[in-house]
$ cat data_18.txt   # compact mmCIF, C-alpha atoms
# COMPACT_ATOMS: atom_id res chain seq x y z
CA MET A 1 -4.44 -32.51 14.80
CA SER A 2 -3.02 -32.90 18.29
CA SER A 3 -3.94 -30.39 20.96
CA ASP A 4 -0.39 -30.06 22.27
CA THR A 5 0.82 -26.59 21.42
CA SER A 6 2.91 -25.79 24.49
CA SER A 7 6.36 -26.93 23.39
CA ALA A 8 8.13 -24.47 21.11
CA LYS A 9 9.25 -25.98 17.82
CA VAL A 10 12.48 -25.20 16.07
CA ILE A 11 12.74 -25.33 12.30
CA GLY A 12 14.72 -28.39 11.34
CA ASP A 13 13.58 -30.32 14.39
CA VAL A 14 13.77 -34.09 14.08
CA GLU A 15 10.64 -35.85 12.87
CA GLY A 16 8.20 -37.24 15.37
CA VAL A 17 8.46 -34.37 17.83
CA SER A 18 6.64 -31.89 15.63
CA LEU A 19 2.93 -31.26 15.37
CA TYR A 20 3.09 -30.97 11.61
CA ASP A 21 4.64 -33.16 8.92
CA VAL A 22 4.58 -33.67 5.17
CA ASP A 23 1.11 -35.24 5.13
CA ASN A 24 -0.29 -32.88 7.72
CA PRO A 25 1.14 -29.41 7.04
CA ALA A 26 0.27 -26.37 9.11
CA PRO A 27 -2.27 -23.96 7.63
CA TYR A 28 -0.77 -21.08 5.66
CA ILE A 29 -0.75 -17.65 7.24
CA GLU A 30 -3.28 -16.08 4.91
CA ALA A 31 -3.26 -12.41 3.94
CA PRO A 32 -6.40 -10.54 4.98
CA ARG A 33 -9.19 -10.22 2.41
CA LYS A 34 -7.11 -11.26 -0.56
CA ARG A 35 -8.24 -10.77 -4.13
CA THR A 36 -9.60 -13.76 -6.01
CA GLY A 37 -11.15 -14.31 -9.43
CA LYS A 38 -14.54 -13.96 -7.77
CA THR A 39 -13.83 -10.61 -6.09
CA PRO A 40 -17.18 -8.83 -6.48
CA ARG A 41 -17.37 -5.91 -8.84
CA SER A 42 -18.68 -2.80 -7.16
CA THR A 43 -21.76 -1.06 -8.51
CA ARG A 44 -21.34 2.10 -6.49
CA GLY A 45 -20.38 4.16 -9.48
CA ASN A 46 -18.61 7.40 -8.79
CA PHE A 47 -19.07 7.56 -5.02
CA GLU A 48 -15.39 7.01 -4.18
CA MET A 49 -14.30 9.68 -6.64
CA VAL A 50 -16.82 12.19 -5.30
CA ALA A 51 -15.73 11.39 -1.73
CA TRP A 52 -12.06 11.87 -2.68
CA LEU A 53 -12.79 15.20 -4.39
CA PHE A 54 -14.96 16.33 -1.49
CA MET A 55 -12.08 15.73 0.94
CA ARG A 56 -9.76 18.03 -1.06
CA LEU A 57 -12.28 20.80 -1.66
CA SER A 58 -13.82 20.83 1.81
CA GLY A 59 -10.31 20.77 3.28
CA ILE A 60 -9.43 24.01 1.49
CA VAL A 61 -12.62 25.73 2.60
CA LEU A 62 -12.22 24.44 6.17
CA VAL A 63 -8.75 25.93 6.48
CA VAL A 64 -10.26 29.40 5.99
CA LEU A 65 -13.35 28.76 8.12
CA VAL A 66 -11.57 27.11 11.06
CA ILE A 67 -8.63 29.51 11.25
CA GLY A 68 -11.05 32.45 11.07
CA HIS A 69 -13.19 30.84 13.76
CA LEU A 70 -10.21 30.22 16.06
CA LEU A 71 -8.94 33.79 15.58
CA ILE A 72 -12.28 35.33 16.48
CA GLN A 73 -12.97 33.02 19.39
CA LEU A 74 -9.56 32.76 21.01
CA VAL A 75 -7.23 35.56 19.91
CA LEU A 76 -8.91 38.79 18.85
CA ASP A 77 -10.65 41.23 21.18
CA GLY A 78 -9.87 39.82 24.61
CA GLY A 79 -9.55 36.17 23.66
CA VAL A 80 -11.42 33.31 25.27
CA SER A 81 -12.57 35.32 28.31
CA LYS A 82 -15.11 37.28 26.27
CA ILE A 83 -17.08 34.19 25.23
CA GLY A 84 -20.44 33.93 26.97
CA PHE A 85 -24.09 33.61 26.17
CA ALA A 86 -24.28 37.26 25.15
CA PHE A 87 -21.31 36.92 22.78
CA VAL A 88 -22.85 33.92 20.99
CA ALA A 89 -26.26 35.54 20.86
CA GLY A 90 -24.73 38.70 19.40
CA ARG A 91 -22.89 36.80 16.70
CA TRP A 92 -25.83 34.63 15.68
CA ALA A 93 -28.01 37.69 15.26
CA SER A 94 -26.21 38.19 11.95
CA PRO A 95 -27.04 35.79 9.09
CA PHE A 96 -23.38 35.93 7.99
CA TRP A 97 -22.16 34.19 11.14
CA GLN A 98 -25.09 31.79 11.02
CA VAL A 99 -24.05 30.70 7.54
CA TRP A 100 -20.38 30.58 8.58
CA ASP A 101 -21.08 28.30 11.52
CA LEU A 102 -23.56 26.16 9.60
CA LEU A 103 -21.08 25.67 6.76
CA MET A 104 -18.30 24.86 9.21
CA LEU A 105 -20.49 22.35 11.03
CA TRP A 106 -21.53 20.49 7.87
CA LEU A 107 -18.15 20.51 6.17
CA ALA A 108 -16.18 19.55 9.30
CA MET A 109 -18.57 16.73 10.20
CA LEU A 110 -18.72 15.28 6.69
CA HIS A 111 -14.97 15.72 6.19
CA GLY A 112 -14.18 13.99 9.49
CA ALA A 113 -16.75 11.26 8.97
CA ASN A 114 -15.44 10.50 5.49
CA GLY A 115 -11.90 10.38 6.85
CA LEU A 116 -12.93 7.93 9.56
CA ARG A 117 -14.85 5.87 6.99
CA THR A 118 -11.59 5.58 5.05
CA VAL A 119 -9.71 4.54 8.17
CA ILE A 120 -12.32 1.88 8.95
CA ASN A 121 -12.20 0.60 5.36
CA ASP A 122 -8.42 0.37 5.55
CA TYR A 123 -8.01 -1.20 8.97
CA ALA A 124 -11.11 -3.18 10.00
CA GLU A 125 -10.52 -6.65 8.60
CA ARG A 126 -13.74 -8.47 9.42
CA ALA A 127 -16.90 -7.54 7.52
CA ASN A 128 -18.91 -7.44 10.76
CA THR A 129 -16.47 -5.10 12.50
CA ARG A 130 -16.64 -2.72 9.56
CA LEU A 131 -20.43 -2.81 9.54
CA TRP A 132 -20.71 -1.95 13.24
CA LEU A 133 -18.00 0.70 13.26
CA LYS A 134 -19.48 2.41 10.22
CA GLY A 135 -22.97 2.18 11.67
CA LEU A 136 -21.76 3.87 14.85
CA LEU A 137 -19.90 6.51 12.82
CA TYR A 138 -22.87 7.38 10.59
CA THR A 139 -25.25 7.52 13.56
CA ALA A 140 -22.97 9.88 15.49
CA THR A 141 -22.44 12.05 12.39
CA VAL A 142 -26.11 12.39 11.51
CA PHE A 143 -27.03 13.09 15.14
CA THR A 144 -24.40 15.83 15.54
CA ILE A 145 -25.22 17.49 12.22
CA LEU A 146 -28.97 17.49 12.86
CA LEU A 147 -28.62 18.74 16.43
CA GLY A 148 -26.18 21.50 15.42
CA THR A 149 -28.36 22.61 12.52
CA LEU A 150 -31.42 22.66 14.74
CA VAL A 151 -29.65 24.84 17.31
CA ILE A 152 -28.36 27.33 14.74
CA PHE A 153 -31.77 27.78 13.10
CA THR A 154 -33.94 27.83 16.23
CA PHE A 155 -31.60 29.78 18.49
CA ASP A 156 -33.55 32.22 20.64
CA PRO A 157 -31.51 34.95 22.39
CA ASN A 158 -34.41 35.76 24.74
CA ILE A 159 -34.58 32.28 26.24
CA ARG A 160 -35.10 32.17 30.02
CA MET B 1 25.70 3.84 7.47
CA ALA B 2 29.31 2.92 8.09
CA THR B 3 30.28 1.95 4.59
CA PRO B 4 34.10 1.58 4.35
CA THR B 5 35.87 4.12 2.20
CA LEU B 6 37.19 3.14 -1.19
CA ASP B 7 40.87 3.14 -0.06
CA LYS B 8 40.25 0.83 2.85
CA MET B 9 38.16 -1.45 0.67
CA GLU B 10 41.01 -1.79 -1.83
CA GLU B 11 43.56 -2.55 0.90
CA ALA B 12 41.34 -5.23 2.35
CA ALA B 13 40.61 -6.63 -1.08
CA ALA B 14 44.33 -7.16 -1.68
CA ALA B 15 44.49 -9.44 1.35
CA SER B 16 41.15 -11.23 1.16
CA PRO B 17 37.95 -9.87 -0.28
CA TYR B 18 35.79 -11.96 1.99
CA ILE B 19 34.05 -10.72 5.11
CA THR B 20 31.80 -12.60 7.52
CA VAL B 21 28.18 -11.61 7.18
CA THR B 22 25.20 -12.75 9.23
CA PHE B 23 22.03 -13.44 7.30
CA ARG B 24 18.96 -13.40 9.51
CA ILE B 25 16.28 -15.16 7.50
CA ARG B 26 12.61 -15.52 8.40
CA ARG B 27 11.87 -19.22 7.92
CA PHE B 28 8.43 -20.78 7.59
CA ASN B 29 7.80 -24.44 6.89
CA PRO B 30 4.17 -25.56 7.26
CA GLU B 31 5.34 -29.18 7.40
CA ILE B 32 7.17 -28.49 10.67
CA SER B 33 5.53 -25.59 12.46
CA ASP B 34 2.62 -23.22 12.04
CA GLU B 35 4.79 -20.29 13.07
CA SER B 36 7.60 -18.56 11.25
CA GLN B 37 10.85 -17.76 12.99
CA TRP B 38 14.19 -16.06 12.42
CA GLN B 39 17.27 -18.17 11.74
CA ASP B 40 20.84 -16.86 11.56
CA PHE B 41 23.44 -17.99 9.01
CA GLN B 42 27.06 -16.88 9.04
CA ILE B 43 28.76 -16.89 5.67
CA GLU B 44 32.01 -15.68 4.14
CA ILE B 45 31.18 -13.40 1.27
CA ASP B 46 32.73 -10.69 -0.86
CA PRO B 47 30.93 -7.42 0.01
CA LYS B 48 30.74 -6.63 -3.70
CA GLU B 49 28.50 -9.64 -4.20
CA ARG B 50 24.73 -9.51 -3.98
CA VAL B 51 22.25 -10.70 -1.38
CA LEU B 52 21.14 -13.36 -3.86
CA ASP B 53 24.69 -14.77 -3.92
CA GLY B 54 24.54 -15.03 -0.14
CA LEU B 55 21.24 -16.90 -0.33
CA HIS B 56 22.77 -19.23 -2.92
CA LYS B 57 25.74 -19.88 -0.62
CA ILE B 58 23.36 -20.75 2.22
CA LYS B 59 21.18 -22.98 0.07
CA TRP B 60 24.07 -24.75 -1.66
CA ASP B 61 26.51 -25.11 1.25
CA LEU B 62 24.68 -24.73 4.58
CA ASP B 63 20.98 -25.56 4.44
CA GLY B 64 19.40 -27.02 1.31
CA THR B 65 15.89 -26.55 2.70
CA LEU B 66 16.05 -22.75 2.33
CA THR B 67 13.39 -21.93 -0.27
CA PHE B 68 13.23 -18.81 -2.43
CA ARG B 69 12.37 -17.84 -6.01
CA ARG B 70 14.85 -16.58 -8.55
CA SER B 71 15.05 -17.02 -12.27
CA CYS B 72 17.30 -14.74 -14.29
CA ALA B 73 19.22 -13.37 -11.27
CA HIS B 74 19.88 -10.12 -13.16
CA GLY B 75 17.01 -7.86 -12.20
CA ILE B 76 14.77 -8.51 -15.19
CA CYS B 77 12.45 -11.42 -14.36
CA GLY B 78 11.18 -10.02 -11.05
CA SER B 79 11.14 -13.37 -9.22
CA ASP B 80 13.26 -12.54 -6.20
CA ALA B 81 11.58 -9.53 -4.63
CA MET B 82 11.98 -9.84 -0.86
CA ARG B 83 12.07 -7.69 2.23
CA ILE B 84 15.78 -7.04 2.94
CA ASN B 85 16.56 -5.01 6.08
CA GLY B 86 12.89 -4.05 6.23
CA LYS B 87 12.72 -2.66 2.69
CA ASN B 88 11.37 -4.35 -0.42
CA ARG B 89 14.18 -4.97 -2.90
CA LEU B 90 15.32 -7.43 -5.52
CA ALA B 91 17.90 -9.77 -3.93
CA CYS B 92 19.76 -9.83 -7.26
CA LYS B 93 20.16 -6.03 -7.40
CA THR B 94 21.18 -5.43 -3.78
CA LEU B 95 24.91 -5.43 -3.05
CA ILE B 96 26.06 -6.61 0.38
CA LYS B 97 28.24 -3.50 0.83
CA ASP B 98 25.26 -1.21 0.35
CA ILE B 99 23.20 -2.56 3.25
CA ASN B 100 25.64 -2.35 6.20
CA PRO B 101 27.11 -5.87 6.44
CA GLU B 102 28.44 -5.22 9.98
CA LYS B 103 24.93 -5.81 11.30
CA PRO B 104 22.87 -8.92 10.54
CA ILE B 105 21.08 -8.65 7.20
CA THR B 106 17.42 -9.52 7.67
CA VAL B 107 15.70 -11.27 4.80
CA GLU B 108 11.99 -12.12 4.83
CA ALA B 109 9.15 -12.75 2.42
CA ILE B 110 7.27 -9.75 0.98
CA LYS B 111 4.30 -8.72 3.10
CA GLY B 112 0.58 -8.87 2.35
CA LEU B 113 0.68 -12.16 0.45
CA THR B 114 0.30 -15.68 1.84
CA VAL B 115 3.68 -17.23 2.69
CA MET B 116 3.96 -20.75 1.25
CA LYS B 117 7.46 -21.57 2.51
CA ASP B 118 10.40 -19.44 3.70
CA LEU B 119 10.62 -16.61 1.13
CA VAL B 120 8.07 -18.00 -1.35
CA VAL B 121 4.65 -16.32 -1.36
CA ASP B 122 1.42 -17.03 -3.20
CA MET B 123 1.44 -14.45 -6.02
CA GLU B 124 -2.04 -15.40 -7.28
CA PRO B 125 -3.98 -12.45 -5.71
CA PHE B 126 -1.34 -10.10 -7.15
CA PHE B 127 -1.69 -11.52 -10.66
CA GLN B 128 -5.48 -11.59 -10.32
CA ALA B 129 -5.45 -7.82 -9.74
CA TYR B 130 -3.13 -7.51 -12.77
CA ARG B 131 -5.51 -9.53 -14.96
CA ASP B 132 -8.49 -7.48 -13.74
CA VAL B 133 -7.16 -4.26 -15.33
CA MET B 134 -6.96 -5.92 -18.81
CA PRO B 135 -3.20 -5.51 -19.42
CA PHE B 136 -3.38 -6.03 -23.20
CA LEU B 137 -3.99 -3.91 -26.29
CA VAL B 138 -7.69 -3.51 -27.12
CA THR B 139 -8.70 -2.03 -30.47
CA LYS B 140 -11.80 -1.79 -32.65
CA GLY B 141 -12.17 -2.35 -36.37
CA ASN B 142 -10.07 -4.30 -38.79
CA GLU B 143 -6.53 -5.23 -37.98
CA PRO B 144 -4.11 -3.13 -40.03
CA THR B 145 -1.89 -4.99 -42.46
CA ARG B 146 1.15 -3.13 -41.12
CA GLU B 147 2.29 -2.20 -37.62
CA ARG B 148 0.28 0.31 -35.60
CA LEU B 149 2.29 3.52 -35.88
CA GLN B 150 2.82 5.89 -32.99
CA SER B 151 4.74 9.15 -32.66
CA ALA B 152 7.74 9.39 -30.35
CA GLU B 153 5.83 11.85 -28.14
CA ASP B 154 2.88 9.48 -27.79
CA ARG B 155 5.27 6.68 -26.83
CA GLU B 156 7.00 8.95 -24.31
CA ARG B 157 3.68 9.53 -22.51
CA PHE B 158 3.66 6.05 -20.93
CA ASP B 159 7.37 5.17 -21.20
CA ASP B 160 7.92 5.05 -17.44
CA THR B 161 5.24 2.44 -16.77
CA THR B 162 6.43 0.07 -19.52
CA LYS B 163 9.42 -0.72 -17.32
CA CYS B 164 7.40 -2.77 -14.79
CA ILE B 165 8.64 -6.35 -14.28
CA LEU B 166 5.77 -7.47 -12.00
CA CYS B 167 8.04 -8.29 -9.07
CA ALA B 168 5.35 -7.16 -6.55
CA ALA B 169 7.84 -5.06 -4.56
CA CYS B 170 5.54 -2.02 -4.82
CA THR B 171 2.23 -3.75 -4.11
CA SER B 172 3.64 -5.62 -1.12
CA SER B 173 5.10 -2.39 0.32
CA CYS B 174 1.72 -0.64 0.27
CA PRO B 175 0.13 -0.30 3.74
CA VAL B 176 -3.37 -0.28 2.26
CA PHE B 177 -2.64 -3.58 0.51
CA TRP B 178 -1.24 -5.09 3.74
CA ASN B 179 -4.56 -4.50 5.49
CA ASP B 180 -6.91 -5.05 2.57
CA GLY B 181 -5.86 -7.32 -0.28
CA GLN B 182 -8.98 -6.24 -2.20
CA TYR B 183 -7.16 -3.03 -3.21
CA PHE B 184 -5.79 -3.33 -6.75
CA GLY B 185 -2.32 -2.35 -5.59
CA PRO B 186 0.26 -0.11 -7.29
CA ALA B 187 1.49 -2.71 -9.79
CA ALA B 188 -1.94 -3.30 -11.34
CA ILE B 189 -2.53 0.46 -11.59
CA VAL B 190 0.90 0.98 -13.20
CA ASN B 191 0.08 -1.63 -15.83
CA ALA B 192 -3.36 -0.10 -16.42
CA HIS B 193 -1.62 3.30 -16.81
CA ARG B 194 0.64 1.79 -19.48
CA PHE B 195 -2.42 1.07 -21.68
CA ILE B 196 -4.70 3.94 -20.62
CA PHE B 197 -2.15 6.46 -21.94
CA ASP B 198 -1.23 4.43 -25.03
CA SER B 199 -2.54 6.29 -28.09
CA ARG B 200 -3.10 2.99 -29.95
CA ASP B 201 -5.37 1.53 -27.28
CA GLU B 202 -9.13 2.08 -27.29
CA ALA B 203 -10.23 0.58 -23.96
CA GLY B 204 -8.85 3.35 -21.75
CA GLU B 205 -12.35 4.37 -20.71
CA GLN B 206 -13.13 0.80 -19.65
CA ARG B 207 -9.93 0.53 -17.59
CA LEU B 208 -10.57 3.89 -15.96
CA GLU B 209 -14.02 2.63 -14.99
CA ILE B 210 -12.45 -0.46 -13.40
CA LEU B 211 -10.01 1.70 -11.41
CA ASN B 212 -12.83 4.09 -10.41
CA ASP B 213 -14.17 1.18 -8.34
CA LYS B 214 -14.16 1.34 -4.55
CA ASP B 215 -11.01 -0.82 -4.48
CA GLY B 216 -9.38 1.26 -7.21
CA VAL B 217 -7.14 4.33 -7.28
CA TRP B 218 -9.15 6.25 -4.66
CA ARG B 219 -7.79 3.97 -1.95
CA CYS B 220 -4.26 5.23 -2.64
CA ARG B 221 -3.00 7.25 0.35
CA THR B 222 0.07 8.64 -1.47
CA THR B 223 2.53 7.28 1.11
CA PHE B 224 5.12 6.84 -1.68
CA ASN B 225 6.16 3.40 -0.35
CA CYS B 226 5.67 2.00 -3.87
CA THR B 227 7.91 4.60 -5.51
CA ASP B 228 10.61 3.93 -2.88
CA ALA B 229 10.35 0.16 -3.36
CA CYS B 230 10.36 -0.04 -7.16
CA PRO B 231 13.64 -1.68 -8.27
CA ARG B 232 13.13 -0.27 -11.77
CA GLY B 233 12.80 3.33 -10.57
CA ILE B 234 9.26 3.75 -11.88
CA GLU B 235 7.52 6.78 -10.38
CA VAL B 236 4.62 4.62 -9.23
CA THR B 237 2.77 7.16 -7.10
CA LYS B 238 2.96 9.68 -9.94
CA ALA B 239 1.41 7.13 -12.30
CA ILE B 240 -1.44 6.55 -9.83
CA GLN B 241 -1.97 10.30 -9.52
CA GLU B 242 -2.12 10.59 -13.32
CA VAL B 243 -4.86 7.96 -13.40
CA LYS B 244 -6.75 9.92 -10.72
CA ARG B 245 -6.38 13.12 -12.72
CA ALA B 246 -7.61 11.38 -15.87
CA LEU B 247 -10.65 10.11 -13.96
CA ILE B 248 -11.52 13.60 -12.73
CA THR B 249 -10.79 15.59 -15.87
CA ARG B 250 -12.74 13.31 -18.20
CA ARG B 251 -15.90 14.07 -16.23
CA PHE B 252 -15.62 17.74 -15.42

$ encode --input "data_18.txt" --output "structure tokens"
Amino acid sequence: MSSDTSSAKVIGDVEGVSLYDVDNPAPYIEAPRKRTGKTPRSTRGNFEMVAWLFMRLSGIVLVVLVIGHLLIQLVLDGGVSKIGFAFVAGRWASPFWQVWDLLMLWLAMLHGANGLRTVINDYAERANTRLWLKGLLYTATVFTILLGTLVIFTFDPNIR
Amino acid sequence: MATPTLDKMEEAAAASPYITVTFRIRRFNPEISDESQWQDFQIEIDPKERVLDGLHKIKWDLDGTLTFRRSCAHGICGSDAMRINGKNRLACKTLIKDINPEKPITVEAIKGLTVMKDLVVDMEPFFQAYRDVMPFLVTKGNEPTRERLQSAEDRERFDDTTKCILCAACTSSCPVFWNDGQYFGPAAIVNAHRFIFDSRDEAGEQRLEILNDKDGVWRCRTTFNCTDACPRGIEVTKAIQEVKRALITRRF
């Protein structure tokens, strides 16, 4: 194949000027990751179904949790100006709010991570890109969940 | 859309039914260039004719190298699905007057499949997905000596999905399929649905297991592109949702 690619070609151009001819056709513009007879069968069982169901169910629960959270934090009783160390310490003294925040942390992180996993699966074309993006995603998710859980359980209001 | 009113159309038809229409066709010929490009054709055509008639006029009178598939030309064989004015349609079921002939009519190959030449794509990955869902009747035991009977209600259950003509308009309108051809695509799921909900068939469980795969129904994002594209009016997204529901309810 010649290295000359500068001159623009017009369909129906006379022979001899073009890079490609009958014996030397241009490569087809292939569709990404197309299905073939050898497309591997997955052995992951029900994971995709569980993930799909989890998205719906956690979404419903999150609507309640997040709207409640936003109301308490930003609207009711003086709004955002009341938030301080004392306010957080006071709330986390009650196991109810501990459970609320813990549940919200886990559900929101897993819900968001699963959504991003879907986006990566849909849009990252190269196997390597997917691997790295998903690796980054899972690392960030696990780190945030563990750190948040640690803080909720070991929170000490008398810290100096 | 500035479609002329009926009165005006009739007046014009009395004089001459023909109008000048520009067809803007996306051409690709690997024997000339590795890039596709748009080419304009001006033709005289009756607005009551179809896009396919326009393509015929171009191929027969203007440029014989224009390549496209068509077989029956009456909306049954499913050969001539193409992207007309940015929407997947059958060229033989799309009237010129319905797609605003004042502006150039763009015609290109369906997306997500390898273009071989002009409007012809490699349908093999599409048919591979179709074969993978086992689109045939599977039964156990001895073959009955008479036909397999079925009640009208049982037949009604999957009536919608029997209408599929495998034109690939739905699959090649699906954004998930554009980015990842490993997804089964709406057409394969529709044809699995046709047998999963057939009371005479006994491999529904097996087909559901195939579609429970990571490239199966759970990749559907319910964008409804497939339902909009289907030239047979099949409620494709609804069929996919019914397969999802069957997958969930058989377990829980």

$ residues_around --input "data_18.txt" --residues "A:Leu110" --least-positions-apart "5" --cutoff "10 Å" --atoms "all atoms listed in the file" --output "number ranges by chain"
A: 51, 54-55, 58, 104-105, 115-116, 138, 141-142, 145

$ atom_distance --input "data_18.txt" --atom1 "atom CA of B:Asp118" --atom2 "atom CA of B:Cys77"
19.9 Å

$ closest_residue --input "data_18.txt" --among "A:Leu53, A:Val88, A:Arg35, A:Asn46" --to "B:Ile210" --atoms "only C-alpha atoms"
A:Asn46

$ closest_residue --input "data_18.txt" --among "A:Tyr28, A:Glu48, A:Arg130, A:Asp23" --to "B:Glu35" --atoms "only C-alpha atoms"
A:Tyr28

$ residues_around --input "data_18.txt" --residues "B:Asn179" --least-positions-apart "4" --cutoff "7 Å" --atoms "only C-alpha atoms" --output "number ranges by chain"
A: 32, 122-123; B: 175

$ write_last_selection --input "data_18.txt" --atoms "C-alpha atoms" --output "compact mmCIF listing (two decimals), in the coordinates of the input"
# COMPACT_ATOMS: atom_id res chain seq x y z
CA PRO A 32 -6.40 -10.54 4.98
CA ASP A 122 -8.42 0.37 5.55
CA TYR A 123 -8.01 -1.20 8.97
CA PRO B 175 0.13 -0.30 3.74

$ atom_distance --input "data_18.txt" --atom1 "atom CA of B:Asp98" --atom2 "atom CA of B:Thr65"
27.1 Å

$ closest_atom_pairs --input "data_18.txt" --of "chain B" --to "chain A" --cutoff "7 Å" --atoms "only C-alpha atoms" --output "tab-separated table"
residue	atom	partner	partner_atom	distance
B:Pro30	CA	A:Ala26	CA	4.4
B:Glu31	CA	A:Pro25	CA	4.2
B:Ile32	CA	A:Tyr20	CA	4.9
B:Ser33	CA	A:Tyr20	CA	6.0
B:Asp34	CA	A:Ala26	CA	4.9
B:Gly112	CA	A:Ala31	CA	5.5
B:Leu113	CA	A:Ala31	CA	5.3
B:Thr114	CA	A:Glu30	CA	4.7
B:Val115	CA	A:Ile29	CA	6.4
B:Met116	CA	A:Tyr28	CA	6.5
B:Pro125	CA	A:Arg35	CA	4.8
B:Gln128	CA	A:Thr36	CA	6.3
B:Ala129	CA	A:Arg35	CA	6.9
B:Val176	CA	A:Asp122	CA	6.1
B:Asn179	CA	A:Tyr123	CA	5.9
B:Asp180	CA	A:Arg33	CA	5.7
B:Gly181	CA	A:Lys34	CA	4.1
B:Gln182	CA	A:Arg35	CA	5.0
B:Asn212	CA	A:Asn46	CA	6.9
B:Asp213	CA	A:Ser42	CA	6.1
B:Lys214	CA	A:Glu48	CA	5.8
B:Trp218	CA	A:Glu48	CA	6.3

$ closest_residue --input "data_18.txt" --among "A:Val75, A:Leu65, A:Leu107, A:Leu136" --to "A:Ile120" --atoms "only C-alpha atoms"
A:Leu136

$ atom_distance --input "data_18.txt" --atom1 "atom CA of B:Phe41" --atom2 "atom CA of B:Phe23"
5.1 Å

$ axis_aligned_box --input "data_18.txt" --around "stretch 61-73 of chain A" --padding-each-side "5 Å" --output "JSON"
{"center_x": -11.0, "center_y": 29.9, "center_z": 11.0, "size_x": 14.7, "size_y": 20.9, "size_z": 26.8}

$ residues_around --input "data_18.txt" --residues "B:Cys226" --least-positions-apart "5" --cutoff "8 Å" --atoms "only C-alpha atoms" --output "MDAnalysis selection string"
chainID B and resid 169:171 173:174 186 236:237

$ residues_around --input "data_18.txt" --residues "B:Thr22" --least-positions-apart "2" --cutoff "8 Å" --atoms "only C-alpha atoms" --output "list of chain:residue names"
B:Thr20, B:Arg24, B:Asp40, B:Phe41, B:Gln42, B:Ile43, B:Pro101, B:Lys103, B:Pro104, B:Ile105

$ residues_around --input "data_18.txt" --residues "B:Phe127" --least-positions-apart "3" --cutoff "12 Å" --atoms "only C-alpha atoms" --output "PyMOL selection string"
(chain A and resi 34-37) or (chain B and resi 113+122-124+130-135+166-168+171+181+184-185+187-188+191)

$ closest_residue --input "data_18.txt" --among "B:Leu149, B:Gly204, B:Trp178, B:Ala246" --to "B:Ile110" --atoms "all atoms listed in the file"
B:Trp178

$ residues_near_point --input "data_18.txt" --point "(-24.4, 31.8, 10.5)" --cutoff "12 Å" --atoms "all atoms listed in the file" --output "CSV table (one decimal) with C-alpha atoms, keeping the file's coordinate frame"
chain,number,residue,atom,x,y,z
A,65,LEU,CA,-13.4,28.8,8.1
A,69,HIS,CA,-13.2,30.8,13.8
A,88,VAL,CA,-22.8,33.9,21.0
A,89,ALA,CA,-26.3,35.5,20.9
A,90,GLY,CA,-24.7,38.7,19.4
A,91,ARG,CA,-22.9,36.8,16.7
A,92,TRP,CA,-25.8,34.6,15.7
A,93,ALA,CA,-28.0,37.7,15.3
A,94,SER,CA,-26.2,38.2,12.0
A,95,PRO,CA,-27.0,35.8,9.1
A,96,PHE,CA,-23.4,35.9,8.0
A,97,TRP,CA,-22.2,34.2,11.1
A,98,GLN,CA,-25.1,31.8,11.0
A,99,VAL,CA,-24.0,30.7,7.5
A,100,TRP,CA,-20.4,30.6,8.6
A,101,ASP,CA,-21.1,28.3,11.5
A,102,LEU,CA,-23.6,26.2,9.6
A,103,LEU,CA,-21.1,25.7,6.8
A,104,MET,CA,-18.3,24.9,9.2
A,105,LEU,CA,-20.5,22.4,11.0
A,106,TRP,CA,-21.5,20.5,7.9
A,148,GLY,CA,-26.2,21.5,15.4
A,149,THR,CA,-28.4,22.6,12.5
A,151,VAL,CA,-29.6,24.8,17.3
A,152,ILE,CA,-28.4,27.3,14.7
A,153,PHE,CA,-31.8,27.8,13.1
A,154,THR,CA,-33.9,27.8,16.2
A,155,PHE,CA,-31.6,29.8,18.5

$ decode --input "data_18.txt" --residues "stretch 115-126 of chain A" --atoms "C-alpha atoms" --output "tab-separated table (two decimals), in the first residue's frame"
chain	number	residue	atom	x	y	z
A	115	GLY	CA	-24.30	2.55	36.90
A	116	LEU	CA	-20.77	3.56	35.93
A	117	ARG	CA	-19.87	-0.09	35.32
A	118	THR	CA	-22.77	-0.21	32.85
A	119	VAL	CA	-21.57	2.97	31.15
A	120	ILE	CA	-18.04	1.56	30.84
A	121	ASN	CA	-19.39	-1.72	29.44
A	122	ASP	CA	-21.44	0.20	26.89
A	123	TYR	CA	-18.89	2.75	25.75
A	124	ALA	CA	-15.32	1.52	26.29
A	125	GLU	CA	-14.48	-0.38	23.12
A	126	ARG	CA	-11.04	-1.81	23.84
